[in-house]
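J.: Contents of input_25.cif (mmCIF, N, CA, C and O atoms) are below:
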data_run
loop_
_atom_site.group_PDB
_atom_site.id
_atom_site.type_symbol
_atom_site.label_atom_id
_atom_site.label_comp_id
_atom_site.auth_asym_id
_atom_site.auth_seq_id
_atom_site.Cartn_x
_atom_site.Cartn_y
_atom_site.Cartn_z
ATOM 1 N N MET A 23 0.834 -1.181 0.000
ATOM 2 C CA MET A 23 0.000 0.000 0.000
ATOM 3 C C MET A 23 0.883 1.250 0.000
ATOM 4 O O MET A 23 1.852 1.329 0.742
ATOM 5 N N THR A 24 0.547 2.212 -0.822
ATOM 6 C CA THR A 24 1.300 3.456 -0.923
ATOM 7 C C THR A 24 1.043 4.311 0.314
ATOM 8 O O THR A 24 -0.105 4.483 0.720
ATOM 9 N N PRO A 25 2.109 4.849 0.919
ATOM 10 C CA PRO A 25 1.894 5.705 2.090
ATOM 11 C C PRO A 25 1.187 7.001 1.713
ATOM 12 O O PRO A 25 1.361 7.527 0.619
ATOM 13 N N ILE A 26 0.383 7.495 2.644
ATOM 14 C CA ILE A 26 -0.291 8.772 2.448
ATOM 15 C C ILE A 26 0.705 9.881 2.780
ATOM 16 O O ILE A 26 1.322 9.872 3.836
ATOM 17 N N MET A 27 0.869 10.810 1.844
ATOM 18 C CA MET A 27 1.823 11.902 2.030
ATOM 19 C C MET A 27 1.098 13.155 2.512
ATOM 20 O O MET A 27 -0.080 13.337 2.244
ATOM 21 N N GLN A 28 1.835 14.002 3.223
ATOM 22 C CA GLN A 28 1.279 15.251 3.747
ATOM 23 C C GLN A 28 2.027 16.440 3.172
ATOM 24 O O GLN A 28 3.216 16.336 2.868
ATOM 25 N N ALA A 29 1.329 17.548 3.036
ATOM 26 C CA ALA A 29 1.959 18.823 2.700
ATOM 27 C C ALA A 29 2.380 19.434 4.039
ATOM 28 O O ALA A 29 1.537 19.820 4.845
ATOM 29 N N ASP A 30 3.668 19.499 4.282
ATOM 30 C CA ASP A 30 4.190 19.957 5.574
ATOM 31 C C ASP A 30 3.695 21.346 5.942
ATOM 32 O O ASP A 30 3.777 22.281 5.148
ATOM 33 N N GLY A 31 3.168 21.467 7.159
ATOM 34 C CA GLY A 31 2.745 22.752 7.689
ATOM 35 C C GLY A 31 1.315 23.139 7.360
ATOM 36 O O GLY A 31 0.889 24.246 7.677
ATOM 37 N N TYR A 32 0.568 22.232 6.721
ATOM 38 C CA TYR A 32 -0.789 22.577 6.297
ATOM 39 C C TYR A 32 -1.836 21.586 6.821
ATOM 40 O O TYR A 32 -2.898 21.431 6.229
ATOM 41 N N ASP A 33 -1.562 20.956 7.955
ATOM 42 C CA ASP A 33 -2.521 20.005 8.527
ATOM 43 C C ASP A 33 -3.882 20.657 8.775
ATOM 44 O O ASP A 33 -4.918 20.009 8.626
ATOM 45 N N HIS A 34 -3.886 21.942 9.133
ATOM 46 C CA HIS A 34 -5.149 22.641 9.401
ATOM 47 C C HIS A 34 -5.962 22.874 8.118
ATOM 48 O O HIS A 34 -7.116 23.290 8.191
ATOM 49 N N CYS A 35 -5.387 22.578 6.959
ATOM 50 C CA CYS A 35 -6.076 22.752 5.671
ATOM 51 C C CYS A 35 -6.625 21.444 5.122
ATOM 52 O O CYS A 35 -7.230 21.428 4.044
ATOM 53 N N ILE A 36 -6.419 20.336 5.837
ATOM 54 C CA ILE A 36 -6.925 19.026 5.391
ATOM 55 C C ILE A 36 -8.440 19.007 5.543
ATOM 56 O O ILE A 36 -8.974 19.364 6.590
ATOM 57 N N ILE A 37 -9.119 18.581 4.479
ATOM 58 C CA ILE A 37 -10.583 18.487 4.538
ATOM 59 C C ILE A 37 -11.080 17.055 4.415
ATOM 60 O O ILE A 37 -12.276 16.808 4.522
ATOM 61 N N GLY A 38 -10.177 16.107 4.208
ATOM 62 C CA GLY A 38 -10.611 14.719 4.156
ATOM 63 C C GLY A 38 -9.583 13.800 3.527
ATOM 64 O O GLY A 38 -8.471 14.202 3.198
ATOM 65 N N VAL A 39 -10.003 12.553 3.372
ATOM 66 C CA VAL A 39 -9.207 11.532 2.710
ATOM 67 C C VAL A 39 -10.026 11.031 1.532
ATOM 68 O O VAL A 39 -11.208 10.715 1.673
ATOM 69 N N ALA A 40 -9.408 10.989 0.361
ATOM 70 C CA ALA A 40 -10.094 10.496 -0.838
ATOM 71 C C ALA A 40 -9.531 9.129 -1.200
ATOM 72 O O ALA A 40 -8.430 8.763 -0.798
ATOM 73 N N GLU A 41 -10.320 8.396 -1.973
ATOM 74 C CA GLU A 41 -9.899 7.075 -2.430
ATOM 75 C C GLU A 41 -10.020 6.995 -3.943
ATOM 76 O O GLU A 41 -10.982 7.481 -4.530
ATOM 77 N N ARG A 42 -9.018 6.404 -4.566
ATOM 78 C CA ARG A 42 -9.046 6.104 -5.993
ATOM 79 C C ARG A 42 -8.611 4.658 -6.105
ATOM 80 O O ARG A 42 -7.441 4.348 -5.915
ATOM 81 N N GLY A 43 -9.571 3.785 -6.364
ATOM 82 C CA GLY A 43 -9.263 2.362 -6.337
ATOM 83 C C GLY A 43 -8.821 1.974 -4.940
ATOM 84 O O GLY A 43 -9.491 2.281 -3.959
ATOM 85 N N SER A 44 -7.665 1.358 -4.843
ATOM 86 C CA SER A 44 -7.152 0.961 -3.523
ATOM 87 C C SER A 44 -6.241 2.024 -2.916
ATOM 88 O O SER A 44 -5.734 1.843 -1.814
ATOM 89 N N GLN A 45 -6.045 3.139 -3.630
ATOM 90 C CA GLN A 45 -5.176 4.204 -3.144
ATOM 91 C C GLN A 45 -5.955 5.215 -2.305
ATOM 92 O O GLN A 45 -7.080 5.569 -2.631
ATOM 93 N N GLN A 46 -5.344 5.672 -1.248
ATOM 94 C CA GLN A 46 -5.908 6.730 -0.423
ATOM 95 C C GLN A 46 -4.946 7.907 -0.413
ATOM 96 O O GLN A 46 -3.726 7.718 -0.463
ATOM 97 N N PHE A 47 -5.490 9.126 -0.364
ATOM 98 C CA PHE A 47 -4.656 10.313 -0.309
ATOM 99 C C PHE A 47 -5.407 11.423 0.394
ATOM 100 O O PHE A 47 -6.633 11.464 0.400
ATOM 101 N N LEU A 48 -4.642 12.325 1.021
ATOM 102 C CA LEU A 48 -5.230 13.456 1.724
ATOM 103 C C LEU A 48 -5.752 14.484 0.728
ATOM 104 O O LEU A 48 -5.216 14.635 -0.372
ATOM 105 N N VAL A 49 -6.789 15.205 1.149
ATOM 106 C CA VAL A 49 -7.357 16.276 0.334
ATOM 107 C C VAL A 49 -7.275 17.565 1.135
ATOM 108 O O VAL A 49 -7.700 17.616 2.294
ATOM 109 N N TYR A 50 -6.717 18.590 0.498
ATOM 110 C CA TYR A 50 -6.523 19.890 1.133
ATOM 111 C C TYR A 50 -7.420 20.934 0.478
ATOM 112 O O TYR A 50 -7.735 20.844 -0.704
ATOM 113 N N ASP A 51 -7.786 21.949 1.240
ATOM 114 C CA ASP A 51 -8.543 23.082 0.739
ATOM 115 C C ASP A 51 -7.557 24.120 0.207
ATOM 116 O O ASP A 51 -6.775 24.695 0.968
ATOM 117 N N LYS A 52 -7.576 24.343 -1.096
ATOM 118 C CA LYS A 52 -6.644 25.285 -1.733
ATOM 119 C C LYS A 52 -6.749 26.673 -1.120
ATOM 120 O O LYS A 52 -5.735 27.331 -0.859
ATOM 121 N N GLU A 53 -7.958 27.138 -0.882
ATOM 122 C CA GLU A 53 -8.153 28.497 -0.360
ATOM 123 C C GLU A 53 -7.538 28.645 1.030
ATOM 124 O O GLU A 53 -6.941 29.676 1.345
ATOM 125 N N LYS A 54 -7.650 27.620 1.871
ATOM 126 C CA LYS A 54 -7.048 27.678 3.208
ATOM 127 C C LYS A 54 -5.526 27.720 3.123
ATOM 128 O O LYS A 54 -4.873 28.408 3.903
ATOM 129 N N ILE A 55 -4.973 26.991 2.166
ATOM 130 C CA ILE A 55 -3.523 27.033 1.976
ATOM 131 C C ILE A 55 -3.105 28.433 1.552
ATOM 132 O O ILE A 55 -2.142 28.993 2.083
ATOM 133 N N LEU A 56 -3.827 29.012 0.602
ATOM 134 C CA LEU A 56 -3.498 30.368 0.152
ATOM 135 C C LEU A 56 -3.606 31.375 1.294
ATOM 136 O O LEU A 56 -2.748 32.250 1.442
ATOM 137 N N GLU A 57 -4.646 31.247 2.115
ATOM 138 C CA GLU A 57 -4.798 32.145 3.259
ATOM 139 C C GLU A 57 -3.614 32.021 4.214
ATOM 140 O O GLU A 57 -3.130 33.020 4.752
ATOM 141 N N THR A 58 -3.143 30.799 4.418
ATOM 142 C CA THR A 58 -1.993 30.571 5.284
ATOM 143 C C THR A 58 -0.750 31.237 4.703
ATOM 144 O O THR A 58 0.010 31.894 5.422
ATOM 145 N N LEU A 59 -0.545 31.086 3.409
ATOM 146 C CA LEU A 59 0.618 31.685 2.754
ATOM 147 C C LEU A 59 0.555 33.211 2.768
ATOM 148 O O LEU A 59 1.582 33.880 2.863
ATOM 149 N N MET A 60 -0.658 33.766 2.708
ATOM 150 C CA MET A 60 -0.801 35.219 2.632
ATOM 151 C C MET A 60 -0.515 35.934 3.950
ATOM 152 O O MET A 60 -0.519 37.158 4.002
ATOM 153 N N VAL A 61 -0.222 35.186 4.996
ATOM 154 C CA VAL A 61 0.241 35.820 6.236
ATOM 155 C C VAL A 61 1.569 36.522 5.965
ATOM 156 O O VAL A 61 1.850 37.584 6.517
ATOM 157 N N ASP A 62 2.386 35.931 5.086
ATOM 158 C CA ASP A 62 3.715 36.471 4.784
ATOM 159 C C ASP A 62 3.893 36.896 3.333
ATOM 160 O O ASP A 62 4.980 37.336 2.960
ATOM 161 N N MET A 63 2.857 36.742 2.494
ATOM 162 C CA MET A 63 2.985 37.025 1.063
ATOM 163 C C MET A 63 1.750 37.745 0.542
ATOM 164 O O MET A 63 0.692 37.675 1.155
ATOM 165 N N THR A 64 1.898 38.378 -0.611
ATOM 166 C CA THR A 64 0.727 38.917 -1.299
ATOM 167 C C THR A 64 -0.033 37.740 -1.922
ATOM 168 O O THR A 64 0.495 36.619 -1.995
ATOM 169 N N TYR A 65 -1.250 38.002 -2.387
ATOM 170 C CA TYR A 65 -2.023 36.939 -3.030
ATOM 171 C C TYR A 65 -1.270 36.370 -4.234
ATOM 172 O O TYR A 65 -1.203 35.148 -4.404
ATOM 173 N N GLU A 66 -0.696 37.238 -5.047
ATOM 174 C CA GLU A 66 0.022 36.787 -6.239
ATOM 175 C C GLU A 66 1.226 35.920 -5.872
ATOM 176 O O GLU A 66 1.481 34.890 -6.504
ATOM 177 N N GLU A 67 1.965 36.326 -4.851
ATOM 178 C CA GLU A 67 3.113 35.538 -4.397
ATOM 179 C C GLU A 67 2.659 34.196 -3.835
ATOM 180 O O GLU A 67 3.278 33.155 -4.105
ATOM 181 N N ALA A 68 1.586 34.223 -3.054
ATOM 182 C CA ALA A 68 1.062 32.992 -2.465
ATOM 183 C C ALA A 68 0.596 32.030 -3.555
ATOM 184 O O ALA A 68 0.876 30.824 -3.491
ATOM 185 N N LEU A 69 -0.105 32.549 -4.552
ATOM 186 C CA LEU A 69 -0.598 31.703 -5.637
ATOM 187 C C LEU A 69 0.562 31.092 -6.410
ATOM 188 O O LEU A 69 0.546 29.902 -6.734
ATOM 189 N N GLU A 70 1.573 31.882 -6.700
ATOM 190 C CA GLU A 70 2.742 31.361 -7.420
ATOM 191 C C GLU A 70 3.441 30.272 -6.604
ATOM 192 O O GLU A 70 3.813 29.226 -7.127
ATOM 193 N N HIS A 71 3.623 30.538 -5.309
ATOM 194 C CA HIS A 71 4.261 29.547 -4.428
ATOM 195 C C HIS A 71 3.426 28.270 -4.384
ATOM 196 O O HIS A 71 3.976 27.164 -4.493
ATOM 197 N N TYR A 72 2.134 28.409 -4.204
ATOM 198 C CA TYR A 72 1.231 27.248 -4.162
ATOM 199 C C TYR A 72 1.328 26.441 -5.457
ATOM 200 O O TYR A 72 1.507 25.226 -5.429
ATOM 201 N N GLU A 73 1.197 27.117 -6.594
ATOM 202 C CA GLU A 73 1.172 26.411 -7.874
ATOM 203 C C GLU A 73 2.482 25.688 -8.163
ATOM 204 O O GLU A 73 2.476 24.568 -8.666
ATOM 205 N N PHE A 74 3.607 26.304 -7.834
ATOM 206 C CA PHE A 74 4.898 25.709 -8.156
ATOM 207 C C PHE A 74 5.367 24.704 -7.111
ATOM 208 O O PHE A 74 5.808 23.611 -7.451
ATOM 209 N N ASN A 75 5.264 25.067 -5.835
ATOM 210 C CA ASN A 75 5.874 24.262 -4.768
ATOM 211 C C ASN A 75 4.941 23.269 -4.087
ATOM 212 O O ASN A 75 5.423 22.310 -3.484
ATOM 213 N N ILE A 76 3.651 23.504 -4.145
ATOM 214 C CA ILE A 76 2.722 22.623 -3.428
ATOM 215 C C ILE A 76 1.907 21.805 -4.431
ATOM 216 O O ILE A 76 2.044 20.592 -4.514
ATOM 217 N N HIS A 77 1.081 22.475 -5.198
ATOM 218 C CA HIS A 77 0.246 21.788 -6.177
ATOM 219 C C HIS A 77 1.075 21.101 -7.253
ATOM 220 O O HIS A 77 0.732 20.026 -7.726
ATOM 221 N N GLY A 78 2.176 21.702 -7.631
ATOM 222 C CA GLY A 78 3.000 21.176 -8.706
ATOM 223 C C GLY A 78 3.934 20.048 -8.310
ATOM 224 O O GLY A 78 4.711 19.582 -9.133
ATOM 225 N N SER A 79 3.865 19.592 -7.078
ATOM 226 C CA SER A 79 4.754 18.522 -6.616
ATOM 227 C C SER A 79 4.058 17.169 -6.704
ATOM 228 O O SER A 79 3.182 16.871 -5.909
ATOM 229 N N TRP A 80 4.442 16.361 -7.685
ATOM 230 C CA TRP A 80 3.894 15.004 -7.815
ATOM 231 C C TRP A 80 4.912 14.040 -7.247
ATOM 232 O O TRP A 80 6.056 13.970 -7.696
ATOM 233 N N LEU A 81 4.496 13.273 -6.244
ATOM 234 C CA LEU A 81 5.395 12.333 -5.582
ATOM 235 C C LEU A 81 4.878 10.899 -5.648
ATOM 236 O O LEU A 81 5.246 10.075 -4.842
ATOM 237 N N GLY A 82 4.007 10.620 -6.598
ATOM 238 C CA GLY A 82 3.469 9.278 -6.740
ATOM 239 C C GLY A 82 2.026 9.190 -6.269
ATOM 240 O O GLY A 82 1.367 10.196 -6.011
ATOM 241 N N ASN A 83 1.532 7.962 -6.152
ATOM 242 C CA ASN A 83 0.118 7.733 -5.853
ATOM 243 C C ASN A 83 -0.365 8.297 -4.526
ATOM 244 O O ASN A 83 -1.540 8.559 -4.360
ATOM 245 N N GLY A 84 0.514 8.488 -3.573
ATOM 246 C CA GLY A 84 0.100 9.027 -2.276
ATOM 247 C C GLY A 84 0.095 10.541 -2.213
ATOM 248 O O GLY A 84 -0.192 11.117 -1.169
ATOM 249 N N THR A 85 0.405 11.198 -3.343
ATOM 250 C CA THR A 85 0.442 12.658 -3.383
ATOM 251 C C THR A 85 -0.928 13.234 -3.057
ATOM 252 O O THR A 85 -1.937 12.771 -3.578
ATOM 253 N N PRO A 86 -0.992 14.258 -2.213
ATOM 254 C CA PRO A 86 -2.276 14.861 -1.857
ATOM 255 C C PRO A 86 -2.997 15.482 -3.059
ATOM 256 O O PRO A 86 -2.375 15.803 -4.076
ATOM 257 N N ALA A 87 -4.294 15.676 -2.893
ATOM 258 C CA ALA A 87 -5.108 16.399 -3.874
ATOM 259 C C ALA A 87 -5.533 17.721 -3.237
ATOM 260 O O ALA A 87 -5.525 17.870 -2.009
ATOM 261 N N PHE A 88 -5.905 18.669 -4.095
ATOM 262 C CA PHE A 88 -6.251 20.003 -3.627
ATOM 263 C C PHE A 88 -7.578 20.414 -4.235
ATOM 264 O O PHE A 88 -7.739 20.370 -5.453
ATOM 265 N N VAL A 89 -8.521 20.824 -3.379
ATOM 266 C CA VAL A 89 -9.859 21.197 -3.824
ATOM 267 C C VAL A 89 -9.938 22.700 -4.011
ATOM 268 O O VAL A 89 -9.546 23.469 -3.143
ATOM 269 N N ASP A 90 -10.460 23.091 -5.170
ATOM 270 C CA ASP A 90 -10.729 24.490 -5.477
ATOM 271 C C ASP A 90 -12.245 24.625 -5.527
ATOM 272 O O ASP A 90 -12.892 24.016 -6.378
ATOM 273 N N HIS A 91 -12.820 25.399 -4.634
ATOM 274 C CA HIS A 91 -14.274 25.536 -4.552
ATOM 275 C C HIS A 91 -14.843 26.490 -5.596
ATOM 276 O O HIS A 91 -16.059 26.569 -5.770
ATOM 277 N N ASP A 92 -13.984 27.217 -6.292
ATOM 278 C CA ASP A 92 -14.430 28.172 -7.311
ATOM 279 C C ASP A 92 -14.583 27.446 -8.646
ATOM 280 O O ASP A 92 -13.600 27.157 -9.323
ATOM 281 N N LEU A 93 -15.813 27.158 -9.023
ATOM 282 C CA LEU A 93 -16.078 26.401 -10.242
ATOM 283 C C LEU A 93 -16.198 27.259 -11.487
ATOM 284 O O LEU A 93 -16.359 26.740 -12.580
ATOM 285 N N THR A 94 -16.091 28.581 -11.351
ATOM 286 C CA THR A 94 -16.281 29.448 -12.518
ATOM 287 C C THR A 94 -15.233 29.192 -13.595
ATOM 288 O O THR A 94 -15.547 29.248 -14.780
ATOM 289 N N GLU A 95 -14.010 28.908 -13.201
ATOM 290 C CA GLU A 95 -12.948 28.631 -14.162
ATOM 291 C C GLU A 95 -13.252 27.377 -14.988
ATOM 292 O O GLU A 95 -12.922 27.296 -16.162
ATOM 293 N N PHE A 96 -13.894 26.407 -14.373
ATOM 294 C CA PHE A 96 -14.115 25.128 -15.031
ATOM 295 C C PHE A 96 -15.475 25.022 -15.714
ATOM 296 O O PHE A 96 -15.616 24.403 -16.744
ATOM 297 N N TYR A 97 -16.493 25.610 -15.102
ATOM 298 C CA TYR A 97 -17.858 25.422 -15.603
ATOM 299 C C TYR A 97 -18.571 26.712 -15.931
ATOM 300 O O TYR A 97 -19.696 26.681 -16.388
ATOM 301 N N GLY A 98 -17.975 27.843 -15.663
ATOM 302 C CA GLY A 98 -18.560 29.107 -16.016
ATOM 303 C C GLY A 98 -19.714 29.559 -15.137
ATOM 304 O O GLY A 98 -20.480 30.444 -15.495
ATOM 305 N N PHE A 99 -19.838 28.982 -13.942
ATOM 306 C CA PHE A 99 -20.882 29.453 -13.013
ATOM 307 C C PHE A 99 -20.328 29.682 -11.641
ATOM 308 O O PHE A 99 -19.242 29.444 -11.326
#
Please go through the file and, once you have read it, give me the structure as structure tokens.

T.:
Amino acid sequence: MTPIMQADGYDHCIIGVAERGSQQFLVYDKEKILETLMVDMTYEEALEHYEFNIHGSWLGNGTPAFVDHDLTEFYGF
């Protein structure tokens, strides 16, 4: 079984555990991560850091997933 990986320092942003087949992985709230980063960064800096260093890190099947609650980008509503 693949170990479940964590995004260091963002335990308070975990919203659940998801399953894909026999794989399990943590699910984080993207907006909460951005809010955490914006304590020390502007929104633009936080978004860039998130996209490159957090969301952009693939470490295999146990890599966390990130939920974006804003569906306008994907569905236009």

J.: Given only N, CA, C and O atoms as the basis, pick out the residue of A:Thr85, A:Val61, A:Val49, A:Thr94 nearest to Asp33 in chain A.

T.: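 For Asp33 in chain A, the nearest of the candidates is A:Val49.
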
J.: Where in range 34-96 of chain A does DSSP assign strand (DSSP E or B), given as a list in words?

T.: Ile36, Ile37, Gly38, Val39, Ala40, Glu41, Arg42, Gln45, Gln46, Phe47, Leu48, Val49, Tyr50, Asp51, Ala87, Phe88 and Val89 of chain A

J.: Can I get the selected residues back with N, CA, C and O atoms, as a PDB file, keeping the file's coordinate frame?

T.:
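To be explicit, this is the file written out as again.pdb:
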ATOM      1  N   ILE A  36      -6.419  20.336   5.837  1.00  0.00           N
ATOM      2  CA  ILE A  36      -6.925  19.026   5.391  1.00  0.00           C
ATOM      3  C   ILE A  36      -8.440  19.007   5.543  1.00  0.00           C
ATOM      4  O   ILE A  36      -8.974  19.364   6.590  1.00  0.00           O
ATOM      5  N   ILE A  37      -9.119  18.581   4.479  1.00  0.00           N
ATOM      6  CA  ILE A  37     -10.583  18.487   4.538  1.00  0.00           C
ATOM      7  C   ILE A  37     -11.080  17.055   4.415  1.00  0.00           C
ATOM      8  O   ILE A  37     -12.276  16.808   4.522  1.00  0.00           O
ATOM      9  N   GLY A  38     -10.177  16.107   4.208  1.00  0.00           N
ATOM     10  CA  GLY A  38     -10.611  14.719   4.156  1.00  0.00           C
ATOM     11  C   GLY A  38      -9.583  13.800   3.527  1.00  0.00           C
ATOM     12  O   GLY A  38      -8.471  14.202   3.198  1.00  0.00           O
ATOM     13  N   VAL A  39     -10.003  12.553   3.372  1.00  0.00           N
ATOM     14  CA  VAL A  39      -9.207  11.532   2.710  1.00  0.00           C
ATOM     15  C   VAL A  39     -10.026  11.031   1.532  1.00  0.00           C
ATOM     16  O   VAL A  39     -11.208  10.715   1.673  1.00  0.00           O
ATOM     17  N   ALA A  40      -9.408  10.989   0.361  1.00  0.00           N
ATOM     18  CA  ALA A  40     -10.094  10.496  -0.838  1.00  0.00           C
ATOM     19  C   ALA A  40      -9.531   9.129  -1.200  1.00  0.00           C
ATOM     20  O   ALA A  40      -8.430   8.763  -0.798  1.00  0.00           O
ATOM     21  N   GLU A  41     -10.320   8.396  -1.973  1.00  0.00           N
ATOM     22  CA  GLU A  41      -9.899   7.075  -2.430  1.00  0.00           C
ATOM     23  C   GLU A  41     -10.020   6.995  -3.943  1.00  0.00           C
ATOM     24  O   GLU A  41     -10.982   7.481  -4.530  1.00  0.00           O
ATOM     25  N   ARG A  42      -9.018   6.404  -4.566  1.00  0.00           N
ATOM     26  CA  ARG A  42      -9.046   6.104  -5.993  1.00  0.00           C
ATOM     27  C   ARG A  42      -8.611   4.658  -6.105  1.00  0.00           C
ATOM     28  O   ARG A  42      -7.441   4.348  -5.915  1.00  0.00           O
ATOM     29  N   GLN A  45      -6.045   3.139  -3.630  1.00  0.00           N
ATOM     30  CA  GLN A  45      -5.176   4.204  -3.144  1.00  0.00           C
ATOM     31  C   GLN A  45      -5.955   5.215  -2.305  1.00  0.00           C
ATOM     32  O   GLN A  45      -7.080   5.569  -2.631  1.00  0.00           O
ATOM     33  N   GLN A  46      -5.344   5.672  -1.248  1.00  0.00           N
ATOM     34  CA  GLN A  46      -5.908   6.730  -0.423  1.00  0.00           C
ATOM     35  C   GLN A  46      -4.946   7.907  -0.413  1.00  0.00           C
ATOM     36  O   GLN A  46      -3.726   7.718  -0.463  1.00  0.00           O
ATOM     37  N   PHE A  47      -5.490   9.126  -0.364  1.00  0.00           N
ATOM     38  CA  PHE A  47      -4.656  10.313  -0.309  1.00  0.00           C
ATOM     39  C   PHE A  47      -5.407  11.423   0.394  1.00  0.00           C
ATOM     40  O   PHE A  47      -6.633  11.464   0.400  1.00  0.00           O
ATOM     41  N   LEU A  48      -4.642  12.325   1.021  1.00  0.00           N
ATOM     42  CA  LEU A  48      -5.230  13.456   1.724  1.00  0.00           C
ATOM     43  C   LEU A  48      -5.752  14.484   0.728  1.00  0.00           C
ATOM     44  O   LEU A  48      -5.216  14.635  -0.372  1.00  0.00           O
ATOM     45  N   VAL A  49      -6.789  15.205   1.149  1.00  0.00           N
ATOM     46  CA  VAL A  49      -7.357  16.276   0.334  1.00  0.00           C
ATOM     47  C   VAL A  49      -7.275  17.565   1.135  1.00  0.00           C
ATOM     48  O   VAL A  49      -7.700  17.616   2.294  1.00  0.00           O
ATOM     49  N   TYR A  50      -6.717  18.590   0.498  1.00  0.00           N
ATOM     50  CA  TYR A  50      -6.523  19.890   1.133  1.00  0.00           C
ATOM     51  C   TYR A  50      -7.420  20.934   0.478  1.00  0.00           C
ATOM     52  O   TYR A  50      -7.735  20.844  -0.704  1.00  0.00           O
ATOM     53  N   ASP A  51      -7.786  21.949   1.240  1.00  0.00           N
ATOM     54  CA  ASP A  51      -8.543  23.082   0.739  1.00  0.00           C
ATOM     55  C   ASP A  51      -7.557  24.120   0.207  1.00  0.00           C
ATOM     56  O   ASP A  51      -6.775  24.695   0.968  1.00  0.00           O
ATOM     57  N   ALA A  87      -4.294  15.676  -2.893  1.00  0.00           N
ATOM     58  CA  ALA A  87      -5.108  16.399  -3.874  1.00  0.00           C
ATOM     59  C   ALA A  87      -5.533  17.721  -3.237  1.00  0.00           C
ATOM     60  O   ALA A  87      -5.525  17.870  -2.009  1.00  0.00           O
ATOM     61  N   PHE A  88      -5.905  18.669  -4.095  1.00  0.00           N
ATOM     62  CA  PHE A  88      -6.251  20.003  -3.627  1.00  0.00           C
ATOM     63  C   PHE A  88      -7.578  20.414  -4.235  1.00  0.00           C
ATOM     64  O   PHE A  88      -7.739  20.370  -5.453  1.00  0.00           O
ATOM     65  N   VAL A  89      -8.521  20.824  -3.379  1.00  0.00           N
ATOM     66  CA  VAL A  89      -9.859  21.197  -3.824  1.00  0.00           C
ATOM     67  C   VAL A  89      -9.938  22.700  -4.011  1.00  0.00           C
ATOM     68  O   VAL A  89      -9.546  23.469  -3.143  1.00  0.00           O
TER      69      VAL A  89
END

J.: Take the PyMOL selection byres ((chain A and resi 39-45) around 8), apply it to the structure above, and return the hits as a ChimeraX atom specification.

T.: /A:23-24,36-38,46-50,83-84,87

J.: Just the selected residues (N, CA, C and O atoms), exported as a CSV table (one decimal), keeping the file's coordinate frame, please.

T.:
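Here's the written file selection_13.csv:
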chain,number,residue,atom,x,y,z
A,23,MET,N,0.8,-1.2,0.0
A,23,MET,CA,0.0,0.0,0.0
A,23,MET,C,0.9,1.2,0.0
A,23,MET,O,1.9,1.3,0.7
A,24,THR,N,0.5,2.2,-0.8
A,24,THR,CA,1.3,3.5,-0.9
A,24,THR,C,1.0,4.3,0.3
A,24,THR,O,-0.1,4.5,0.7
A,36,ILE,N,-6.4,20.3,5.8
A,36,ILE,CA,-6.9,19.0,5.4
A,36,ILE,C,-8.4,19.0,5.5
A,36,ILE,O,-9.0,19.4,6.6
A,37,ILE,N,-9.1,18.6,4.5
A,37,ILE,CA,-10.6,18.5,4.5
A,37,ILE,C,-11.1,17.1,4.4
A,37,ILE,O,-12.3,16.8,4.5
A,38,GLY,N,-10.2,16.1,4.2
A,38,GLY,CA,-10.6,14.7,4.2
A,38,GLY,C,-9.6,13.8,3.5
A,38,GLY,O,-8.5,14.2,3.2
A,46,GLN,N,-5.3,5.7,-1.2
A,46,GLN,CA,-5.9,6.7,-0.4
A,46,GLN,C,-4.9,7.9,-0.4
A,46,GLN,O,-3.7,7.7,-0.5
A,47,PHE,N,-5.5,9.1,-0.4
A,47,PHE,CA,-4.7,10.3,-0.3
A,47,PHE,C,-5.4,11.4,0.4
A,47,PHE,O,-6.6,11.5,0.4
A,48,LEU,N,-4.6,12.3,1.0
A,48,LEU,CA,-5.2,13.5,1.7
A,48,LEU,C,-5.8,14.5,0.7
A,48,LEU,O,-5.2,14.6,-0.4
A,49,VAL,N,-6.8,15.2,1.1
A,49,VAL,CA,-7.4,16.3,0.3
A,49,VAL,C,-7.3,17.6,1.1
A,49,VAL,O,-7.7,17.6,2.3
A,50,TYR,N,-6.7,18.6,0.5
A,50,TYR,CA,-6.5,19.9,1.1
A,50,TYR,C,-7.4,20.9,0.5
A,50,TYR,O,-7.7,20.8,-0.7
A,83,ASN,N,1.5,8.0,-6.2
A,83,ASN,CA,0.1,7.7,-5.9
A,83,ASN,C,-0.4,8.3,-4.5
A,83,ASN,O,-1.5,8.6,-4.4
A,84,GLY,N,0.5,8.5,-3.6
A,84,GLY,CA,0.1,9.0,-2.3
A,84,GLY,C,0.1,10.5,-2.2
A,84,GLY,O,-0.2,11.1,-1.2
A,87,ALA,N,-4.3,15.7,-2.9
A,87,ALA,CA,-5.1,16.4,-3.9
A,87,ALA,C,-5.5,17.7,-3.2
A,87,ALA,O,-5.5,17.9,-2.0

J.: Please indicate the distance in Å from CA of Ala68 in chain A to CA of Trp80 in chain A, rounded to one decimal place.

T.: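 Atom-to-atom, CA of Ala68 in chain A and CA of Trp80 in chain A are spaced 19.0 Å apart.
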
J.: Can you work out the spacing between atom N of Ile26 in chain A and CA of Asp62 in chain A in Å, to one decimal?

T.: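 Computing it gives 29.2 Å between the two atoms.
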